[in-house]
Amino acid sequence: MPERSVQAVRSGDALFAFDADLTVVSWNQAAEELTGVSADDAVGRYCWEVLGGHDERGNLVCHRGCSTARLTRERWPVSRQELLIKDRDGKRPVEISTIAVDEGDRSLFLHVMVPRSESVSPRGPPILLTTRQQQVLGLLAEGTPAKVIAARLRITEATVRNHVRAILVGFRSHSQLEAIAKARGLNMIN
């Protein structure tokens with residue numbers, strides 16, 4: 001089905017545009033496939049009605065007074081959000097980036113939606129590792145033993161173990177393999 005708008009917005013990712021009133025003005029094919037909502041059903045409706053976004057605790061995020069839309073309209077930078085949106089099977093986890101675009105005398109706002117796997121998504125605040133912890137994590141991912149890591153980084157094995165413990169806590173993991181898998185899922189390591 002073709003995209004609908006005064007000027008269609010194209011992207012390989014699921015994307016839609018809305019105006020200052022939060023009315024959807026463009027809904028691409030990838031958005032149709034992600035949500036099961038056709039462009040005919042989305043365009044002309046409020047974005048919050050179409051998405052029905054909630055956070056992972058079940059709190060309503062998409063609504064008439066949406067702070068993301070308000071901040072974007074006021075030209076504040078808005079970080080990527082993780083939401084559960086409506087789809088034909090219930091709720092679907094996605095990451096949404098919001099972009100403001102000036103189009104002549106009017107502004108448009110874009111939501112780019114990328115599906116995410118529940119198993120890879122971090123819970124809670126972002127994972128913050130020190131530079132040394134990142135180095136240790138990278139070496140662990142290569143299969144390097146603690147004794148070799150200590151020699152390469154010129155630190156004691158006890159210090160390596162302390163870094164490993166901090167990495168496990170940061171990723172809320174029970175094992176090094178679990179932490180490495182989560183780090184790979186977040187593109188923190190290859």
# chains A, B, ... in the order shown; residues from 1 in each chain; ligands from 1
call {"tool": "residues_around", "arguments": {"residues": "Glu49 (chain A)", "least_positions_apart": "6", "cutoff": "12 Å", "atoms": "only C-alpha atoms", "output": "list in words"}}
result
Leu22, Thr23, Val24, Val37, Asp41, Ala42, Val43, Leu60, Val61, Cys62, His63, Arg64, Cys66, Ile85 and Lys86 of chain A
call {"tool": "write_last_selection", "arguments": {"atoms": "N, CA and C atoms", "output": "PDB file, in the first residue's frame"}}
result
ATOM      1  N   LEU A  22      -0.026  16.469  16.859  1.00  0.00           N
ATOM      2  CA  LEU A  22       0.163  15.035  17.096  1.00  0.00           C
ATOM      3  C   LEU A  22      -0.685  14.173  16.166  1.00  0.00           C
ATOM      4  N   THR A  23      -1.092  14.741  15.030  1.00  0.00           N
ATOM      5  CA  THR A  23      -1.862  14.010  14.041  1.00  0.00           C
ATOM      6  C   THR A  23      -0.906  13.345  13.054  1.00  0.00           C
ATOM      7  N   VAL A  24      -1.078  12.055  12.828  1.00  0.00           N
ATOM      8  CA  VAL A  24      -0.229  11.312  11.894  1.00  0.00           C
ATOM      9  C   VAL A  24      -0.495  11.821  10.483  1.00  0.00           C
ATOM     10  N   VAL A  37      -1.097  -1.939  11.499  1.00  0.00           N
ATOM     11  CA  VAL A  37      -2.007  -0.829  11.240  1.00  0.00           C
ATOM     12  C   VAL A  37      -1.708  -0.282   9.852  1.00  0.00           C
ATOM     13  N   ASP A  41      -5.598   3.575   8.078  1.00  0.00           N
ATOM     14  CA  ASP A  41      -6.120   3.619   9.443  1.00  0.00           C
ATOM     15  C   ASP A  41      -5.326   4.561  10.349  1.00  0.00           C
ATOM     16  N   ALA A  42      -4.063   4.815  10.031  1.00  0.00           N
ATOM     17  CA  ALA A  42      -3.208   5.637  10.898  1.00  0.00           C
ATOM     18  C   ALA A  42      -3.257   7.118  10.552  1.00  0.00           C
ATOM     19  N   VAL A  43      -3.163   7.443   9.264  1.00  0.00           N
ATOM     20  CA  VAL A  43      -3.100   8.847   8.845  1.00  0.00           C
ATOM     21  C   VAL A  43      -4.402   9.557   9.217  1.00  0.00           C
ATOM     22  N   LEU A  60       1.385   4.339  31.070  1.00  0.00           N
ATOM     23  CA  LEU A  60       1.052   4.938  29.795  1.00  0.00           C
ATOM     24  C   LEU A  60       2.065   6.027  29.445  1.00  0.00           C
ATOM     25  N   VAL A  61       2.648   5.945  28.262  1.00  0.00           N
ATOM     26  CA  VAL A  61       3.627   6.926  27.799  1.00  0.00           C
ATOM     27  C   VAL A  61       3.026   7.785  26.690  1.00  0.00           C
ATOM     28  N   CYS A  62       2.319   7.140  25.757  1.00  0.00           N
ATOM     29  CA  CYS A  62       1.710   7.855  24.630  1.00  0.00           C
ATOM     30  C   CYS A  62       0.320   8.336  25.025  1.00  0.00           C
ATOM     31  N   HIS A  63       0.156   9.658  25.084  1.00  0.00           N
ATOM     32  CA  HIS A  63      -1.130  10.245  25.442  1.00  0.00           C
ATOM     33  C   HIS A  63      -1.162  11.683  24.936  1.00  0.00           C
ATOM     34  N   ARG A  64      -2.277  12.339  25.112  1.00  0.00           N
ATOM     35  CA  ARG A  64      -2.496  13.697  24.606  1.00  0.00           C
ATOM     36  C   ARG A  64      -1.408  14.665  25.083  1.00  0.00           C
ATOM     37  N   CYS A  66       1.764  14.039  25.844  1.00  0.00           N
ATOM     38  CA  CYS A  66       3.047  13.332  25.701  1.00  0.00           C
ATOM     39  C   CYS A  66       4.246  14.276  25.858  1.00  0.00           C
ATOM     40  N   ILE A  85       4.318  -1.098  22.229  1.00  0.00           N
ATOM     41  CA  ILE A  85       3.259  -0.484  21.426  1.00  0.00           C
ATOM     42  C   ILE A  85       2.232  -1.532  21.034  1.00  0.00           C
ATOM     43  N   LYS A  86       1.041  -1.051  20.669  1.00  0.00           N
ATOM     44  CA  LYS A  86      -0.014  -1.955  20.211  1.00  0.00           C
ATOM     45  C   LYS A  86       0.395  -2.565  18.873  1.00  0.00           C
TER      46      LYS A  86
END
call {"tool": "select_by_dssp", "arguments": {"residues": "chain A", "states": "strand (DSSP E)", "output": "NGL selection string"}}
result
:A and (14-18 or 24-27 or 81-87 or 90-103 or 106-115)
call {"tool": "select_by_dssp", "arguments": {"residues": "region 54-187 of chain A", "states": "alpha helix (DSSP H)", "output": "number ranges by chain"}}
result
A: 67-73, 131-141, 146-153, 157-170, 176-185
call {"tool": "residues_around", "arguments": {"residues": "Ala141 (chain A)", "least_positions_apart": "5", "cutoff": "12 Å", "atoms": "only C-alpha atoms", "output": "list in words"}}
result
Gln134, Gln135, Val136, Ala146, Ile149, Val164, Gln176, Leu177, Glu178, Ala179, Ile180, Ala181, Lys182, Ala183, Arg184, Met188, Ile189 and Asn190 of chain A
call {"tool": "write_last_selection", "arguments": {"atoms": "N, CA and C atoms", "output": "mmCIF file, in the first residue's frame"}}
result
data_model
loop_
_atom_site.group_PDB
_atom_site.id
_atom_site.type_symbol
_atom_site.label_atom_id
_atom_site.label_comp_id
_atom_site.auth_asym_id
_atom_site.auth_seq_id
_atom_site.Cartn_x
_atom_site.Cartn_y
_atom_site.Cartn_z
ATOM 1 N N GLN A 134 35.477 -1.929 30.379
ATOM 2 C CA GLN A 134 35.208 -2.204 28.965
ATOM 3 C C GLN A 134 36.333 -3.030 28.356
ATOM 4 N N GLN A 135 37.596 -2.712 28.739
ATOM 5 C CA GLN A 135 38.730 -3.487 28.238
ATOM 6 C C GLN A 135 38.637 -4.936 28.724
ATOM 7 N N VAL A 136 38.348 -5.113 30.016
ATOM 8 C CA VAL A 136 38.225 -6.461 30.577
ATOM 9 C C VAL A 136 37.087 -7.208 29.888
ATOM 10 N N ALA A 146 41.466 -14.826 33.051
ATOM 11 C CA ALA A 146 41.757 -13.721 33.974
ATOM 12 C C ALA A 146 43.259 -13.510 34.161
ATOM 13 N N ILE A 149 44.508 -11.694 31.145
ATOM 14 C CA ILE A 149 43.997 -10.318 31.175
ATOM 15 C C ILE A 149 44.839 -9.482 32.132
ATOM 16 N N VAL A 164 35.427 -7.879 36.843
ATOM 17 C CA VAL A 164 34.436 -8.851 36.377
ATOM 18 C C VAL A 164 33.183 -8.769 37.242
ATOM 19 N N GLN A 176 29.603 -14.726 33.388
ATOM 20 C CA GLN A 176 30.335 -13.949 32.378
ATOM 21 C C GLN A 176 29.704 -14.129 31.002
ATOM 22 N N LEU A 177 29.280 -15.339 30.689
ATOM 23 C CA LEU A 177 28.662 -15.589 29.380
ATOM 24 C C LEU A 177 27.387 -14.776 29.199
ATOM 25 N N GLU A 178 26.591 -14.683 30.254
ATOM 26 C CA GLU A 178 25.359 -13.900 30.183
ATOM 27 C C GLU A 178 25.678 -12.418 29.974
ATOM 28 N N ALA A 179 26.673 -11.908 30.699
ATOM 29 C CA ALA A 179 27.075 -10.499 30.542
ATOM 30 C C ALA A 179 27.584 -10.233 29.135
ATOM 31 N N ILE A 180 28.377 -11.151 28.596
ATOM 32 C CA ILE A 180 28.917 -10.997 27.240
ATOM 33 C C ILE A 180 27.775 -11.004 26.215
ATOM 34 N N ALA A 181 26.805 -11.903 26.399
ATOM 35 C CA ALA A 181 25.657 -11.962 25.474
ATOM 36 C C ALA A 181 24.871 -10.656 25.519
ATOM 37 N N LYS A 182 24.643 -10.120 26.713
ATOM 38 C CA LYS A 182 23.918 -8.857 26.826
ATOM 39 C C LYS A 182 24.708 -7.715 26.195
ATOM 40 N N ALA A 183 26.023 -7.711 26.415
ATOM 41 C CA ALA A 183 26.867 -6.658 25.825
ATOM 42 C C ALA A 183 26.830 -6.733 24.300
ATOM 43 N N ARG A 184 26.852 -7.936 23.757
ATOM 44 C CA ARG A 184 26.756 -8.102 22.300
ATOM 45 C C ARG A 184 25.404 -7.633 21.798
ATOM 46 N N MET A 188 27.839 -3.359 22.434
ATOM 47 C CA MET A 188 28.946 -2.804 23.208
ATOM 48 C C MET A 188 30.254 -3.509 22.867
ATOM 49 N N ILE A 189 30.157 -4.726 22.352
ATOM 50 C CA ILE A 189 31.315 -5.508 21.897
ATOM 51 C C ILE A 189 30.906 -6.266 20.639
ATOM 52 N N ASN A 190 31.893 -6.756 19.900
ATOM 53 C CA ASN A 190 31.604 -7.537 18.679
ATOM 54 C C ASN A 190 31.435 -8.992 18.966
#
call {"tool": "atom_distance", "arguments": {"atom1": "CA of Trp76 (chain A)", "atom2": "CA of Trp48 (chain A)"}}
result
19.6 Å
call {"tool": "residues_around", "arguments": {"residues": "Leu110 (chain A)", "least_positions_apart": "6", "cutoff": "7 Å", "atoms": "only C-alpha atoms", "output": "list in words"}}
result
Leu15, Phe16, Ala17, Phe18, Thr98, Ile99 and Ala100 of chain A
call {"tool": "write_last_selection", "arguments": {"atoms": "C-alpha atoms", "output": "compact mmCIF listing (two decimals), in the first residue's frame"}}
result
# COMPACT_ATOMS: atom_id res chain seq x y z
CA LEU A 15 8.61 5.38 10.39
CA PHE A 16 5.76 7.81 10.63
CA ALA A 17 5.42 11.58 10.67
CA PHE A 18 3.10 13.66 12.78
CA THR A 98 12.10 11.09 17.55
CA ILE A 99 13.31 13.68 15.04
CA ALA A 100 12.05 17.22 14.34
call {"tool": "atom_distance", "arguments": {"atom1": "CA of Thr72 (chain A)", "atom2": "CA of Asp87 (chain A)"}}
result
24.6 Å
call {"tool": "atom_distance", "arguments": {"atom1": "CA of Glu56 (chain A)", "atom2": "CA of Ser175 (chain A)"}}
result
24.3 Å
call {"tool": "closest_residue", "arguments": {"among": "A:Glu103, A:Thr35, A:Glu142, A:Thr130", "to": "Lys91 (chain A)", "atoms": "only C-alpha atoms"}}
result
A:Thr35
call {"tool": "closest_residue", "arguments": {"among": "A:Leu168, A:Ala20, A:Val148, A:Leu34", "to": "Glu95 (chain A)", "atoms": "only C-alpha atoms"}}
result
A:Leu34
call {"tool": "closest_residue", "arguments": {"among": "A:Val78, A:Val25, A:Val50, A:Leu153", "to": "Leu108 (chain A)", "atoms": "only C-alpha atoms"}}
result
A:Val25
call {"tool": "closest_residue", "arguments": {"among": "A:Ser79, A:Arg73, A:Gln29, A:Ile167", "to": "Phe109 (chain A)", "atoms": "only C-alpha atoms"}}
result
A:Arg73
call {"tool": "closest_residue", "arguments": {"among": "A:Arg106, A:Arg92, A:His163, A:His111", "to": "Asn28 (chain A)", "atoms": "only C-alpha atoms"}}
result
A:His111
